[in-house]
Structure formats: structure tokens, C-alpha cells
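Structure below is my_file10.pdb: PDB, C-alpha atoms and all ligand atoms.
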ATOM      1  CA  MET A  28       0.000   0.000   0.000
ATOM      2  CA  ALA A  29       1.202   3.516  -0.738
ATOM      3  CA  LEU A  30       2.542   5.539   2.173
ATOM      4  CA  ARG A  31      -0.390   7.954   2.018
ATOM      5  CA  GLY A  32      -2.830   5.033   2.336
ATOM      6  CA  ILE A  33      -0.944   3.592   5.288
ATOM      7  CA  LEU A  34      -0.905   6.952   7.063
ATOM      8  CA  SER A  35      -4.587   7.570   6.533
ATOM      9  CA  LYS A  36      -5.439   4.065   7.845
ATOM     10  CA  LEU A  37      -3.291   4.756  10.862
ATOM     11  CA  LYS A  38      -5.033   8.055  11.453
ATOM     12  CA  THR A  39      -8.479   6.481  11.147
ATOM     13  CA  GLY A  40      -7.431   3.604  13.399
ATOM     14  CA  LEU A  41      -6.141   5.934  16.111
ATOM     15  CA  LYS A  42      -9.042   8.375  15.865
ATOM     16  CA  LYS A  43     -10.505   7.645  19.311
ATOM     17  CA  THR A  44      -7.222   8.342  21.082
ATOM     18  CA  HIS A  45      -6.505  11.295  18.792
ATOM     19  CA  ASP A  46      -9.798  12.963  19.638
ATOM     20  CA  ARG A  47      -9.399  12.344  23.347
ATOM     21  CA  ILE A  48      -6.041  14.116  23.306
ATOM     22  CA  THR A  49      -6.522  16.886  20.793
ATOM     23  CA  ASP A  50      -9.918  18.194  21.978
ATOM     24  CA  PRO A  51      -8.489  19.576  25.237
ATOM     25  CA  LEU A  52      -5.390  20.807  23.400
ATOM     26  CA  VAL A  53      -7.564  22.839  21.058
ATOM     27  CA  ARG A  54      -9.420  24.263  24.061
ATOM     28  CA  LEU A  55      -6.092  25.168  25.640
ATOM     29  CA  VAL A  56      -4.833  26.985  22.584
ATOM     30  CA  THR A  57      -8.065  28.842  21.991
ATOM     31  CA  GLY A  58      -8.217  29.769  25.692
ATOM     32  CA  ARG A  59      -4.688  31.190  25.307
ATOM     33  CA  ARG A  60      -3.809  30.659  28.939
ATOM     34  CA  VAL A  61      -2.084  27.843  30.742
ATOM     35  CA  ASP A  62      -3.578  27.984  34.179
ATOM     36  CA  GLN A  63      -3.735  25.156  36.673
ATOM     37  CA  ASP A  64      -7.226  24.090  35.520
ATOM     38  CA  ALA A  65      -6.069  23.711  31.934
ATOM     39  CA  LEU A  66      -3.013  21.722  33.022
ATOM     40  CA  ASP A  67      -5.105  19.515  35.300
ATOM     41  CA  GLU A  68      -7.454  18.740  32.436
ATOM     42  CA  LEU A  69      -4.557  17.815  30.182
ATOM     43  CA  GLU A  70      -2.927  15.694  32.844
ATOM     44  CA  ALA A  71      -6.154  13.709  33.261
ATOM     45  CA  THR A  72      -6.434  13.412  29.486
ATOM     46  CA  PHE A  73      -2.953  11.960  28.991
ATOM     47  CA  LEU A  74      -3.394   9.576  31.918
ATOM     48  CA  LEU A  75      -6.787   8.414  30.630
ATOM     49  CA  ALA A  76      -5.176   7.758  27.271
ATOM     50  CA  ASP A  77      -2.799   5.386  29.143
ATOM     51  CA  MET A  78       0.320   7.426  28.395
ATOM     52  CA  GLY A  79       1.693   6.610  31.838
ATOM     53  CA  VAL A  80       2.804   8.987  34.597
ATOM     54  CA  GLU A  81       6.322   9.786  33.327
ATOM     55  CA  THR A  82       5.293  10.532  29.752
ATOM     56  CA  THR A  83       2.362  12.603  30.998
ATOM     57  CA  ASP A  84       4.743  14.697  33.126
ATOM     58  CA  ARG A  85       7.058  15.251  30.199
ATOM     59  CA  LEU A  86       4.246  16.266  27.866
ATOM     60  CA  LEU A  87       2.921  18.725  30.457
ATOM     61  CA  GLY A  88       6.458  20.049  30.815
ATOM     62  CA  VAL A  89       6.608  20.692  27.070
ATOM     63  CA  ILE A  90       3.307  22.572  27.202
ATOM     64  CA  ARG A  91       4.441  24.737  30.108
ATOM     65  CA  GLU A  92       7.796  25.439  28.480
ATOM     66  CA  THR A  93       6.230  26.301  25.153
ATOM     67  CA  TYR A  94       3.964  28.867  26.798
ATOM     68  CA  ASN A  95       6.746  30.304  28.939
ATOM     69  CA  GLU A  96       9.064  30.690  25.982
ATOM     70  CA  GLU A  97       6.611  31.721  23.345
ATOM     71  CA  GLY A  98       3.643  33.306  25.120
ATOM     72  CA  ARG A  99       0.746  32.952  22.725
ATOM     73  CA  VAL A 100       0.997  29.578  21.026
ATOM     74  CA  GLU A 101      -0.255  28.268  17.721
ATOM     75  CA  MET A 102      -1.695  24.749  17.647
ATOM     76  CA  THR A 103       0.730  23.607  14.942
ATOM     77  CA  ARG A 104       3.718  24.776  16.982
ATOM     78  CA  LEU A 105       2.519  23.058  20.144
ATOM     79  CA  VAL A 106       1.744  19.818  18.320
ATOM     80  CA  GLU A 107       5.176  19.883  16.679
ATOM     81  CA  ARG A 108       6.887  20.070  20.060
ATOM     82  CA  LEU A 109       4.675  17.425  21.643
ATOM     83  CA  GLU A 110       5.348  15.075  18.740
ATOM     84  CA  ALA A 111       9.086  15.550  19.100
ATOM     85  CA  GLU A 112       8.803  14.729  22.804
ATOM     86  CA  LEU A 113       6.745  11.587  22.135
ATOM     87  CA  VAL A 114       9.163  10.343  19.502
ATOM     88  CA  GLY A 115      12.006  10.982  21.952
ATOM     89  CA  GLU A 116      10.149   8.866  24.523
ATOM     90  CA  LEU A 117       9.969   5.987  22.085
ATOM     91  CA  SER A 118      12.814   5.527  19.668
ATOM     92  CA  GLU A 119      13.571   7.318  16.472
ATOM     93  CA  ASP A 120      13.110   4.394  14.141
ATOM     94  CA  ALA A 121      10.857   1.431  13.620
ATOM     95  CA  SER A 122      12.220  -1.866  14.933
ATOM     96  CA  PRO A 123      12.293  -4.404  12.126
ATOM     97  CA  LEU A 124      11.686  -8.111  12.677
ATOM     98  CA  ASN A 125      14.842 -10.069  13.465
ATOM     99  CA  VAL A 126      16.034 -12.139  10.556
ATOM    100  CA  ALA A 127      17.955 -15.413  10.895
ATOM    101  CA  PRO A 128      21.410 -15.542   9.281
ATOM    102  CA  GLN A 129      20.186 -18.634   7.406
ATOM    103  CA  PRO A 130      16.516 -19.191   6.627
ATOM    104  CA  PRO A 131      14.106 -20.028   8.060
ATOM    105  CA  THR A 132      13.506 -17.196  10.478
ATOM    106  CA  VAL A 133      11.412 -18.657  13.269
ATOM    107  CA  ILE A 134       8.791 -16.389  14.806
ATOM    108  CA  LEU A 135       7.075 -17.599  17.953
ATOM    109  CA  VAL A 136       3.811 -15.771  18.602
ATOM    110  CA  VAL A 137       2.476 -15.826  22.148
ATOM    111  CA  GLY A 138      -0.351 -14.158  24.051
ATOM    112  CA  VAL A 139      -3.611 -14.633  25.868
ATOM    113  CA  ASN A 140      -6.557 -16.042  23.888
ATOM    114  CA  GLY A 141      -8.530 -13.420  22.020
ATOM    115  CA  THR A 142      -5.736 -10.829  21.860
ATOM    116  CA  GLY A 143      -5.303 -11.390  18.107
ATOM    117  CA  LYS A 144      -2.464 -13.936  17.836
ATOM    118  CA  THR A 145      -3.870 -15.981  14.987
ATOM    119  CA  THR A 146      -4.988 -13.011  12.916
ATOM    120  CA  THR A 147      -1.620 -11.331  13.527
ATOM    121  CA  ILE A 148       0.116 -14.440  12.165
ATOM    122  CA  ALA A 149      -2.203 -14.347   9.154
ATOM    123  CA  LYS A 150      -1.590 -10.643   8.510
ATOM    124  CA  LEU A 151       2.194 -10.896   8.963
ATOM    125  CA  GLY A 152       2.266 -14.032   6.831
ATOM    126  CA  LYS A 153       0.362 -12.243   4.085
ATOM    127  CA  MET A 154       2.835  -9.346   4.155
ATOM    128  CA  MET A 155       5.696 -11.810   3.679
ATOM    129  CA  VAL A 156       3.956 -13.827   0.964
ATOM    130  CA  ASP A 157       3.166 -10.579  -0.894
ATOM    131  CA  ASP A 158       6.858  -9.837  -0.595
ATOM    132  CA  GLY A 159       7.653 -13.073  -2.445
ATOM    133  CA  LYS A 160       8.603 -15.070   0.644
ATOM    134  CA  ARG A 161       7.702 -18.671   1.418
ATOM    135  CA  VAL A 162       5.981 -18.926   4.771
ATOM    136  CA  LEU A 163       4.944 -21.837   6.973
ATOM    137  CA  PHE A 164       2.445 -21.693   9.827
ATOM    138  CA  ALA A 165       2.685 -24.152  12.731
ATOM    139  CA  ALA A 166      -0.476 -24.943  14.707
ATOM    140  CA  CYS A 167       0.968 -25.341  18.210
ATOM    141  CA  ASP A 168      -2.277 -24.445  19.986
ATOM    142  CA  THR A 169      -3.272 -28.097  20.069
ATOM    143  CA  PHE A 170      -5.436 -27.457  23.133
ATOM    144  CA  ARG A 171      -8.361 -26.177  21.034
ATOM    145  CA  ALA A 172      -9.395 -28.038  17.885
ATOM    146  CA  ALA A 173     -10.936 -24.793  16.614
ATOM    147  CA  ALA A 174      -7.567 -23.035  16.824
ATOM    148  CA  ILE A 175      -5.984 -25.600  14.498
ATOM    149  CA  GLU A 176      -8.862 -25.238  12.039
ATOM    150  CA  GLN A 177      -8.684 -21.460  12.183
ATOM    151  CA  LEU A 178      -4.981 -21.411  11.393
ATOM    152  CA  ALA A 179      -5.523 -23.884   8.543
ATOM    153  CA  ILE A 180      -8.124 -21.553   7.015
ATOM    154  CA  TRP A 181      -5.731 -18.607   7.278
ATOM    155  CA  ALA A 182      -2.837 -20.589   5.789
ATOM    156  CA  ASP A 183      -5.045 -21.436   2.833
ATOM    157  CA  ARG A 184      -6.191 -17.839   2.342
ATOM    158  CA  VAL A 185      -2.734 -16.356   2.687
ATOM    159  CA  GLY A 186      -0.911 -18.964   0.649
ATOM    160  CA  ALA A 187       1.246 -20.282   3.501
ATOM    161  CA  ASP A 188       2.237 -23.890   4.188
ATOM    162  CA  LEU A 189       0.834 -25.504   7.323
ATOM    163  CA  VAL A 190       2.165 -28.022   9.813
ATOM    164  CA  LYS A 191      -0.440 -29.406  12.203
ATOM    165  CA  HIS A 192      -1.013 -32.436  14.397
ATOM    166  CA  GLN A 193      -4.135 -33.842  16.020
ATOM    167  CA  HIS A 194      -6.027 -31.923  18.693
ATOM    168  CA  GLY A 195      -4.323 -32.691  22.039
ATOM    169  CA  ALA A 196      -0.891 -33.469  20.548
ATOM    170  CA  ASP A 197       2.318 -32.199  22.189
ATOM    171  CA  PRO A 198       2.803 -28.593  20.982
ATOM    172  CA  ALA A 199       6.608 -28.986  21.099
ATOM    173  CA  ALA A 200       6.376 -31.936  18.703
ATOM    174  CA  VAL A 201       4.435 -29.762  16.249
ATOM    175  CA  ALA A 202       7.085 -27.044  16.578
ATOM    176  CA  PHE A 203       9.833 -29.595  15.957
ATOM    177  CA  ASP A 204       8.123 -30.864  12.794
ATOM    178  CA  ALA A 205       7.523 -27.306  11.608
ATOM    179  CA  ALA A 206      11.214 -26.420  12.040
ATOM    180  CA  GLU A 207      12.186 -29.574  10.176
ATOM    181  CA  ALA A 208       9.705 -28.877   7.362
ATOM    182  CA  GLY A 209      10.895 -25.265   7.153
ATOM    183  CA  LEU A 210      14.493 -26.402   6.723
ATOM    184  CA  ALA A 211      13.622 -29.135   4.230
ATOM    185  CA  ARG A 212      11.414 -26.889   2.075
ATOM    186  CA  GLY A 213      13.676 -23.848   2.097
ATOM    187  CA  THR A 214      10.989 -21.773   3.818
ATOM    188  CA  ASP A 215      11.865 -18.146   4.582
ATOM    189  CA  SER A 216       9.778 -17.890   7.693
ATOM    190  CA  VAL A 217       8.170 -20.297  10.158
ATOM    191  CA  MET A 218       5.425 -18.697  12.246
ATOM    192  CA  ILE A 219       4.311 -20.532  15.349
ATOM    193  CA  ASP A 220       0.848 -20.115  16.852
ATOM    194  CA  THR A 221       0.602 -21.041  20.536
ATOM    195  CA  ALA A 222      -2.076 -21.597  23.154
ATOM    196  CA  GLY A 223      -3.184 -18.717  25.367
ATOM    197  CA  ARG A 224      -5.231 -20.144  28.203
ATOM    198  CA  LEU A 225      -4.027 -17.988  31.047
ATOM    199  CA  HIS A 226      -5.901 -19.700  33.893
ATOM    200  CA  THR A 227      -3.223 -22.405  33.825
ATOM    201  CA  LYS A 228      -0.444 -19.908  33.378
ATOM    202  CA  VAL A 229       2.360 -21.956  34.923
ATOM    203  CA  ASN A 230       1.693 -24.853  32.577
ATOM    204  CA  LEU A 231       1.290 -22.514  29.669
ATOM    205  CA  MET A 232       4.664 -20.862  30.267
ATOM    206  CA  GLU A 233       6.316 -24.280  30.699
ATOM    207  CA  GLU A 234       4.690 -25.452  27.470
ATOM    208  CA  ILE A 235       5.970 -22.433  25.545
ATOM    209  CA  LYS A 236       9.449 -22.715  27.074
ATOM    210  CA  LYS A 237       9.526 -26.316  25.879
ATOM    211  CA  ILE A 238       8.627 -25.102  22.386
ATOM    212  CA  GLN A 239      11.500 -22.585  22.571
ATOM    213  CA  ARG A 240      13.971 -25.302  23.644
ATOM    214  CA  THR A 241      12.759 -27.718  20.997
ATOM    215  CA  LEU A 242      13.116 -25.142  18.239
ATOM    216  CA  ALA A 243      16.663 -24.343  19.344
ATOM    217  CA  LYS A 244      17.592 -28.021  19.057
ATOM    218  CA  LYS A 245      16.643 -27.991  15.415
ATOM    219  CA  ILE A 246      17.691 -24.469  14.375
ATOM    220  CA  ALA A 247      20.461 -22.559  16.128
ATOM    221  CA  ASP A 248      19.253 -19.265  17.675
ATOM    222  CA  ALA A 249      15.600 -20.152  17.063
ATOM    223  CA  PRO A 250      13.159 -18.735  17.828
ATOM    224  CA  HIS A 251      14.553 -15.540  16.328
ATOM    225  CA  GLU A 252      11.540 -13.642  17.560
ATOM    226  CA  THR A 253       9.262 -14.263  20.520
ATOM    227  CA  LEU A 254       6.462 -11.786  19.877
ATOM    228  CA  LEU A 255       3.800 -11.074  22.477
ATOM    229  CA  VAL A 256       0.418 -10.009  21.120
ATOM    230  CA  LEU A 257      -1.496  -7.674  23.428
ATOM    231  CA  ASP A 258      -5.024  -6.329  23.143
ATOM    232  CA  ALA A 259      -4.622  -2.558  23.582
ATOM    233  CA  THR A 260      -8.195  -2.195  24.824
ATOM    234  CA  THR A 261      -7.336  -4.106  28.014
ATOM    235  CA  GLY A 262      -5.131  -1.335  29.455
ATOM    236  CA  GLN A 263      -3.457  -2.352  32.703
ATOM    237  CA  ASN A 264      -4.094  -6.037  31.985
ATOM    238  CA  ALA A 265      -1.898  -5.718  28.928
ATOM    239  CA  LEU A 266       0.912  -4.380  31.120
ATOM    240  CA  GLN A 267       0.534  -7.334  33.499
ATOM    241  CA  GLN A 268       0.575  -9.789  30.615
ATOM    242  CA  ALA A 269       3.738  -8.191  29.234
ATOM    243  CA  ARG A 270       5.432  -8.628  32.617
ATOM    244  CA  LEU A 271       4.344 -12.256  32.970
ATOM    245  CA  PHE A 272       5.301 -13.375  29.478
ATOM    246  CA  ASN A 273       8.547 -11.420  29.458
ATOM    247  CA  ASP A 274       9.706 -12.852  32.783
ATOM    248  CA  ALA A 275       9.004 -16.390  31.601
ATOM    249  CA  LEU A 276      10.010 -16.252  27.953
ATOM    250  CA  GLY A 277      12.257 -13.251  27.273
ATOM    251  CA  LEU A 278      10.274 -11.354  24.640
ATOM    252  CA  THR A 279      11.932  -9.780  21.611
ATOM    253  CA  GLY A 280       8.986  -7.692  20.475
ATOM    254  CA  LEU A 281       5.399  -6.624  21.102
ATOM    255  CA  VAL A 282       2.356  -6.374  18.868
ATOM    256  CA  LEU A 283      -0.474  -4.163  20.113
ATOM    257  CA  THR A 284      -3.794  -4.953  18.463
ATOM    258  CA  LYS A 285      -7.239  -3.304  18.433
ATOM    259  CA  LEU A 286      -5.971   0.262  18.776
ATOM    260  CA  ASP A 287      -8.963   1.206  16.636
ATOM    261  CA  GLY A 288     -11.263   0.141  19.466
ATOM    262  CA  THR A 289      -9.835   2.280  22.236
ATOM    263  CA  ALA A 290      -9.157   5.859  23.301
ATOM    264  CA  LYS A 291      -6.265   4.471  25.349
ATOM    265  CA  GLY A 292      -3.745   4.243  22.508
ATOM    266  CA  GLY A 293      -1.094   5.817  24.754
ATOM    267  CA  ILE A 294      -0.554   2.268  26.066
ATOM    268  CA  VAL A 295       1.889   1.850  23.171
ATOM    269  CA  VAL A 296       4.072   4.553  24.707
ATOM    270  CA  SER A 297       3.804   3.452  28.347
ATOM    271  CA  ILE A 298       4.426  -0.207  27.606
ATOM    272  CA  GLN A 299       7.514   0.415  25.513
ATOM    273  CA  ARG A 300       8.832   2.841  28.107
ATOM    274  CA  GLU A 301       8.310   0.412  30.983
ATOM    275  CA  PHE A 302       9.666  -2.765  29.426
ATOM    276  CA  HIS A 303      12.158  -1.501  26.843
ATOM    277  CA  ILE A 304      10.829  -4.128  24.471
ATOM    278  CA  PRO A 305      10.222  -2.711  21.011
ATOM    279  CA  VAL A 306       6.668  -2.503  19.737
ATOM    280  CA  LYS A 307       7.121  -3.965  16.264
ATOM    281  CA  PHE A 308       3.573  -3.890  14.886
ATOM    282  CA  ILE A 309       0.258  -2.300  15.752
ATOM    283  CA  GLY A 310      -3.230  -3.406  14.748
ATOM    284  CA  VAL A 311      -5.701  -0.696  13.766
ATOM    285  CA  GLY A 312      -8.520  -2.834  12.348
ATOM    286  CA  GLU A 313      -9.516  -6.288  11.185
ATOM    287  CA  GLY A 314      -8.378  -6.097   7.549
ATOM    288  CA  PHE A 315      -5.068  -7.424   6.244
ATOM    289  CA  ASP A 316      -3.804  -3.868   5.726
ATOM    290  CA  ASP A 317      -4.620  -2.941   9.278
ATOM    291  CA  LEU A 318      -1.544  -4.518  10.806
ATOM    292  CA  GLN A 319       1.177  -1.943  10.397
ATOM    293  CA  ARG A 320       4.826  -1.651  11.284
ATOM    294  CA  PHE A 321       5.140   0.584  14.289
ATOM    295  CA  VAL A 322       6.949   3.747  13.261
ATOM    296  CA  PRO A 323       7.138   6.145  16.239
ATOM    297  CA  ALA A 324       7.146   9.356  14.176
ATOM    298  CA  GLU A 325       4.102   8.245  12.163
ATOM    299  CA  PHE A 326       2.337   7.127  15.308
ATOM    300  CA  ALA A 327       2.963  10.489  17.022
ATOM    301  CA  ARG A 328       1.708  12.323  13.949
ATOM    302  CA  ALA A 329      -1.453  10.229  13.668
ATOM    303  CA  LEU A 330      -2.132  10.770  17.349
ATOM    304  CA  LEU A 331      -1.661  14.532  17.478
ATOM    305  CA  GLU A 332      -2.209  16.082  14.040
TER     306      GLU A 332
HETATM  307  P1  LIG B 401      -6.258 -15.246  19.322
HETATM  308  O1  LIG B 401      -7.207 -16.010  20.187
HETATM  309  O2  LIG B 401      -5.237 -14.519  20.146
HETATM  310  O3  LIG B 401      -5.625 -16.069  18.250
HETATM  311  O4  LIG B 401      -7.127 -14.088  18.639
HETATM  312  P2  LIG B 401      -7.668 -13.953  17.149
HETATM  313  O5  LIG B 401      -6.556 -13.789  16.199
HETATM  314  O6  LIG B 401      -8.630 -15.059  16.879
HETATM  315  O7  LIG B 401      -8.423 -12.551  17.217
HETATM  316  C1  LIG B 401      -9.530 -12.309  18.062
HETATM  317  C2  LIG B 401     -10.419 -11.235  17.425
HETATM  318  O8  LIG B 401      -9.761  -9.976  17.429
HETATM  319  C3  LIG B 401     -10.776 -11.514  15.972
HETATM  320  O9  LIG B 401     -12.140 -11.245  15.778
HETATM  321  C4  LIG B 401      -9.921 -10.512  15.189
HETATM  322  O10 LIG B 401     -10.482 -10.153  13.961
HETATM  323  C5  LIG B 401      -9.880  -9.352  16.150
HETATM  324  N1  LIG B 401      -8.732  -8.440  15.921
HETATM  325  C6  LIG B 401      -7.407  -8.766  15.849
HETATM  326  N2  LIG B 401      -6.655  -7.650  15.647
HETATM  327  C7  LIG B 401      -7.522  -6.595  15.576
HETATM  328  C8  LIG B 401      -7.367  -5.162  15.396
HETATM  329  O11 LIG B 401      -6.270  -4.601  15.257
HETATM  330  N3  LIG B 401      -8.521  -4.413  15.405
HETATM  331  C9  LIG B 401      -9.758  -4.984  15.566
HETATM  332  N4  LIG B 401     -10.812  -4.164  15.576
HETATM  333  N5  LIG B 401      -9.926  -6.299  15.749
HETATM  334  C10 LIG B 401      -8.845  -7.107  15.753
END
Rewrite the structure of this file - the entire thing - as C-alpha cells.
Ligand code: GDP
Amino acid sequence: MALRGILSKLKTGLKKTHDRITDPLVRLVTGRRVDQDALDELEATFLLADMGVETTDRLLGVIRETYNEEGRVEMTRLVERLEAELVGELSEDASPLNVAPQPPTVILVVGVNGTGKTTTIAKLGKMMVDDGKRVLFAACDTFRAAAIEQLAIWADRVGADLVKHQHGADPAAVAFDAAEAGLARGTDSVMIDTAGRLHTKVNLMEEIKKIQRTLAKKIADAPHETLLVLDATTGQNALQQARLFNDALGLTGLVLTKLDGTAKGGIVVSIQREFHIPVKFIGVGEGFDDLQRFVPAEFARALLE
């Protein structure tokens, strides 16, 4: 998709958070005064958007400074400075997916059920297939028969290969077969879907760790990515999940889905700030094009302009 299309999708997807933040900013600029009431309103706004306490303080600092230095402030000028601050809080550039020195690159996708793991695999797989790559999906959520079926449907639609076993099979055995098939077929990327039943979290983490160990036996350095998919609409829960999965598995990247469904899109900023794990993709809708690489400068623009 052309850059303009991507940016407009991003803007539409982030509209709820955008409106939450910019409405009080417009009121501030038109009111032409930064008094305590105006600052209190903005503080509440940034916190409600899940920006986190530190980022909120820094953004308020920018607003105060801008008024002190410049007196009467234009909206464009204020937004420019806030964007620069936000980008500084994140990192300048997008974090690309890790790539194995020799194919296949193995991408392990983890997360609680319903966060968007399977659709993220489908969307990422489609991006790679469109890019001329050969992709293989591995159905390691053997706990739910429906999950295997779902991934099979996606593999078919996307044009990816599929490795699956019976419902109830050992997930690590599926991962092992997928790694072997990936090597034998000269696949560029092996994407591994996992279970996400959090009520048995100890077992789940042990199961995924076993998958990680099994992959490494077959392919050195695999998995090259352990990506955690988080539902952005779940706010503080998403932060807890990030902590839990990172402690157990050592995450290499985050995917935040469903940003289109929330006015709390600032979670992207607070989560990256807290865990220092790069957000690699964000989901702003259900379509294939709605999973986008996370580019901090574009994100800040879509949020504030
Ligand atoms: P899993 O259980 O983690 O594998 O979750 P699924 O991949 O089955 O996704 C659960 C639901 O979330 C599906 O209906 C998806 O279409 C939906 N979903 C995933 N990502 C997004 C997104 O970025 N925006 C919206 N609105 N829905 C999404």
C-alpha cells in the first residue's frame, strides 16, 4: 500500500485516542492561557489515554515550556513540540523483525486467547507472501481443535504452508516438525501459533518454554523472535501480561492490536517505556492492511495532528 494510504489508515485507526487528546489541546490553545485548571485537564487526558505517569509529566512540561518561551501559542507549533517529545520517549526508528542468518527465520507468537495472535500471524504471513517469501504456519495451539482449524483456514487464504497435528498433541512436537519442514522446504519464515489459556499460566509458560527449547535443538538461535500479542483495549491487563510473558520467555517484540477500538492508545508509549521491548507492529482494524509496522514518528503524527 502507498505511504499515504498507510498513514490515513493509521489516522483512522487511532481516531478515538486522537480525539481524546486533541480536543483539550484545542481548548487550551483557543483559551490562550495555561492555568492550573487547563493543566489539570490535560494531565487527566494523557493519563486516561494510558500514556503513563512519566510521559504525561514530560508532555505537560513541554506545554508549560512552550507557553513560557513563546507566550501565545499556535496549535501547529505546540503539536510539533509534543510530537518531538513523544518520539524521543519511544525511539527514532521502527524496529524491524529479526532475521535469521540462514533461513528459516522462526517467529514464535504468544499471548492470551482473544488478543489477536492468529490473525496477527495471518496478517504478517500475508505481508511476507506478498513480498515473495515462502511462509509456513505451525499450529501449536493443540489445546483447542478450533484453533488448528482457524490457522488452517488462514494458511489457505494467505498462501502459507501448514504443519499441524491432532487436537491434544504435544505442541513442542508440532514445533519440531515445523522447524524440520521449514528447513527441508527452504521456507523463509516459520510462524508458530501457541495456546493462550491464562488460567493455567504456569503450565502454559512451561509449554511455551519447551517449544522454545525444541526449536533451538533444530535451528540454532531459534526462535529468532518471541512476539507477544497484546489487546490494547485491556489497558493495565496488557501491562501485566507483558510482565508475565517477558519474565518467563524473554520477549523480543510486542504487537499491540485493536488500537482502533480504544481511546487508550497511549498504552503503546507506556508499555515500551516500561519494558524496553520494542513494539514492532500495531493493529488498527480487522483487515489485512490494518496490521502496520510501528513507526514512532508516524504514530505520534497520527495521534496529534
Ligand atoms: P487469538 O485467540 O489470540 O488467536 O485471537 P484472534 O486472532 O482469533 O483474534 C480475536 C479477534 O480480534 C478476531 O475477531 C480478530 O479479527 C480481532 N482483531 C485482531 N486484531 C484486531 C485489530 O487490530 N482491530 C480490531 N478491531 N480487531 C482485531
Might you spell out which residues the PyMOL selection byres (((chain A and resi 207) around 12) and not hetatm) would select in the displayed file, as number ranges by chain? A: 130-131, 133, 163, 165, 190, 200-206, 208-214, 217, 241-246
Nearest residue to ligand LIG 401 (chain B) from the set A:Gly262, A:Pro51, A:Gly223, A:Gly32 (distances using all atoms listed in the file):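 Under the stated criterion, the closest residue is A:Gly223.
Straight-line separation from atom CA of A:Ala249 to atom CA of A:Thr145: 20.0 Å.
Among the candidates A:Arg161, A:Lys144, A:Arg224, A:Arg31, the one nearest to A:Leu189 when counting all atoms listed in the file is A:Arg161.
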Taken to one decimal, the atom CA of A:Ala196-atom CA of A:Met218 distance is 18.1 Å
So which residues are near ligand LIG 401 (chain B), meaning at most 8 Å away with only C-alpha atoms and all ligand atoms counted, given back as number ranges by chain? A: 138-148, 174, 177, 220, 223, 256, 258, 283-288, 309-314, 317-318
Taking C-alpha atoms for each residue, export the selection above as a tab-separated table (two decimals), in the coordinates of the input.
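As written to disk, part-v6.tsv reads:
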chain	number	residue	atom	x	y	z
A	138	GLY	CA	-0.35	-14.16	24.05
A	139	VAL	CA	-3.61	-14.63	25.87
A	140	ASN	CA	-6.56	-16.04	23.89
A	141	GLY	CA	-8.53	-13.42	22.02
A	142	THR	CA	-5.74	-10.83	21.86
A	143	GLY	CA	-5.30	-11.39	18.11
A	144	LYS	CA	-2.46	-13.94	17.84
A	145	THR	CA	-3.87	-15.98	14.99
A	146	THR	CA	-4.99	-13.01	12.92
A	147	THR	CA	-1.62	-11.33	13.53
A	148	ILE	CA	0.12	-14.44	12.16
A	174	ALA	CA	-7.57	-23.04	16.82
A	177	GLN	CA	-8.68	-21.46	12.18
A	220	ASP	CA	0.85	-20.11	16.85
A	223	GLY	CA	-3.18	-18.72	25.37
A	256	VAL	CA	0.42	-10.01	21.12
A	258	ASP	CA	-5.02	-6.33	23.14
A	283	LEU	CA	-0.47	-4.16	20.11
A	284	THR	CA	-3.79	-4.95	18.46
A	285	LYS	CA	-7.24	-3.30	18.43
A	286	LEU	CA	-5.97	0.26	18.78
A	287	ASP	CA	-8.96	1.21	16.64
A	288	GLY	CA	-11.26	0.14	19.47
A	309	ILE	CA	0.26	-2.30	15.75
A	310	GLY	CA	-3.23	-3.41	14.75
A	311	VAL	CA	-5.70	-0.70	13.77
A	312	GLY	CA	-8.52	-2.83	12.35
A	313	GLU	CA	-9.52	-6.29	11.18
A	314	GLY	CA	-8.38	-6.10	7.55
A	317	ASP	CA	-4.62	-2.94	9.28
A	318	LEU	CA	-1.54	-4.52	10.81
Quick one: distance from atom CA of A:Ser216 to atom CA of A:Val162 in Å, one decimal? 4.9 Å
Given the point (0.7, 18.3, 17.6) in the coordinates of this file, which residues lie within 9 Å, counting only C-alpha atoms, and how would they look as a PDB file with C-alpha atoms, in the coordinates of the input?
ATOM      1  CA  THR A  49      -6.522  16.886  20.793  1.00  0.00           C
ATOM      2  CA  LEU A  52      -5.390  20.807  23.400  1.00  0.00           C
ATOM      3  CA  MET A 102      -1.695  24.749  17.647  1.00  0.00           C
ATOM      4  CA  THR A 103       0.730  23.607  14.942  1.00  0.00           C
ATOM      5  CA  ARG A 104       3.718  24.776  16.982  1.00  0.00           C
ATOM      6  CA  LEU A 105       2.519  23.058  20.144  1.00  0.00           C
ATOM      7  CA  VAL A 106       1.744  19.818  18.320  1.00  0.00           C
ATOM      8  CA  GLU A 107       5.176  19.883  16.679  1.00  0.00           C
ATOM      9  CA  ARG A 108       6.887  20.070  20.060  1.00  0.00           C
ATOM     10  CA  LEU A 109       4.675  17.425  21.643  1.00  0.00           C
ATOM     11  CA  GLU A 110       5.348  15.075  18.740  1.00  0.00           C
ATOM     12  CA  ALA A 111       9.086  15.550  19.100  1.00  0.00           C
ATOM     13  CA  ALA A 327       2.963  10.489  17.022  1.00  0.00           C
ATOM     14  CA  ARG A 328       1.708  12.323  13.949  1.00  0.00           C
ATOM     15  CA  LEU A 330      -2.132  10.770  17.349  1.00  0.00           C
ATOM     16  CA  LEU A 331      -1.661  14.532  17.478  1.00  0.00           C
ATOM     17  CA  GLU A 332      -2.209  16.082  14.040  1.00  0.00           C
TER      18      GLU A 332
END
Expanded to explicit residues, what is the PyMOL selection byres (((chain A and resi 124) around 12) and not hetatm) for this file, as an MDAnalysis selection string? chainID A and resid 121:123 125:127 132:135 151 155 216 250:254 279:282 305:308 320:321
Can you work out which one of A:Gly195, A:Thr169, A:Phe272, A:Arg47 has the shortest atom-to-atom distance to A:Asp77, counting only C-alpha atoms?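 The shortest atom-to-atom distance to A:Asp77 comes from A:Arg47.
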Please enumerate the residues selected by the PyMOL selection byres (((chain A and resi 118) around 10) and not hetatm) when evaluated against the supplied file, formatted as a PyMOL selection string. chain A and resi 113-117+119-122+299-300+305+322-324
What's around A:Gly88 at 12 Å? Count all atoms listed in the file, leave out sequence neighbours fewer than 2 positions away in its own chain, and write the answer as a list in words. Val61, Leu66, Leu69, Glu70, Glu81, Thr82, Thr83, Asp84, Arg85, Leu86, Ile90, Arg91, Glu92, Thr93, Tyr94, Asn95, Glu96, Leu105, Arg108, Leu109 and Glu112 of chain A
Could you list, as a list in words, every residue within 10 Å of A:Met154, counting only C-alpha atoms and ignoring same-chain residues fewer than 3 positions away?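 Near neighbours after the sequence-gap exclusion: Ile148, Ala149, Lys150, Leu151, Asp157, Asp158, Gly159, Lys160, Val185, Phe315, Asp316, Leu318 and Gln319 of chain A.
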Edge lengths and centre, in Å to one decimal, as AutoDock Vina command-line options: that's what I need for the box along x, y and z that holds all listed atoms of stretch 245-250 of chain A plus 4 Å on each side.
--center_x 16.8 --center_y -23.4 --center_z 16.1 --size_x 15.3 --size_y 17.3 --size_z 11.5
Using only C-alpha atoms for the distances, tell me which of A:Ala166, A:Ala275, A:Ala173, A:Ile180 is nearest to A:Asp197.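 Nearest to A:Asp197: A:Ala166.
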Which is closest to A:Ala269 among A:Leu37, A:Leu87, A:Ala65, A:Val137, if we use only C-alpha atoms?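 Nearest to A:Ala269: A:Val137.
If only C-alpha atoms are the atoms counted, then among A:Asp62, A:Asp183, A:Asp50, A:Asp168 the closest residue to A:Ile238 is A:Asp168.
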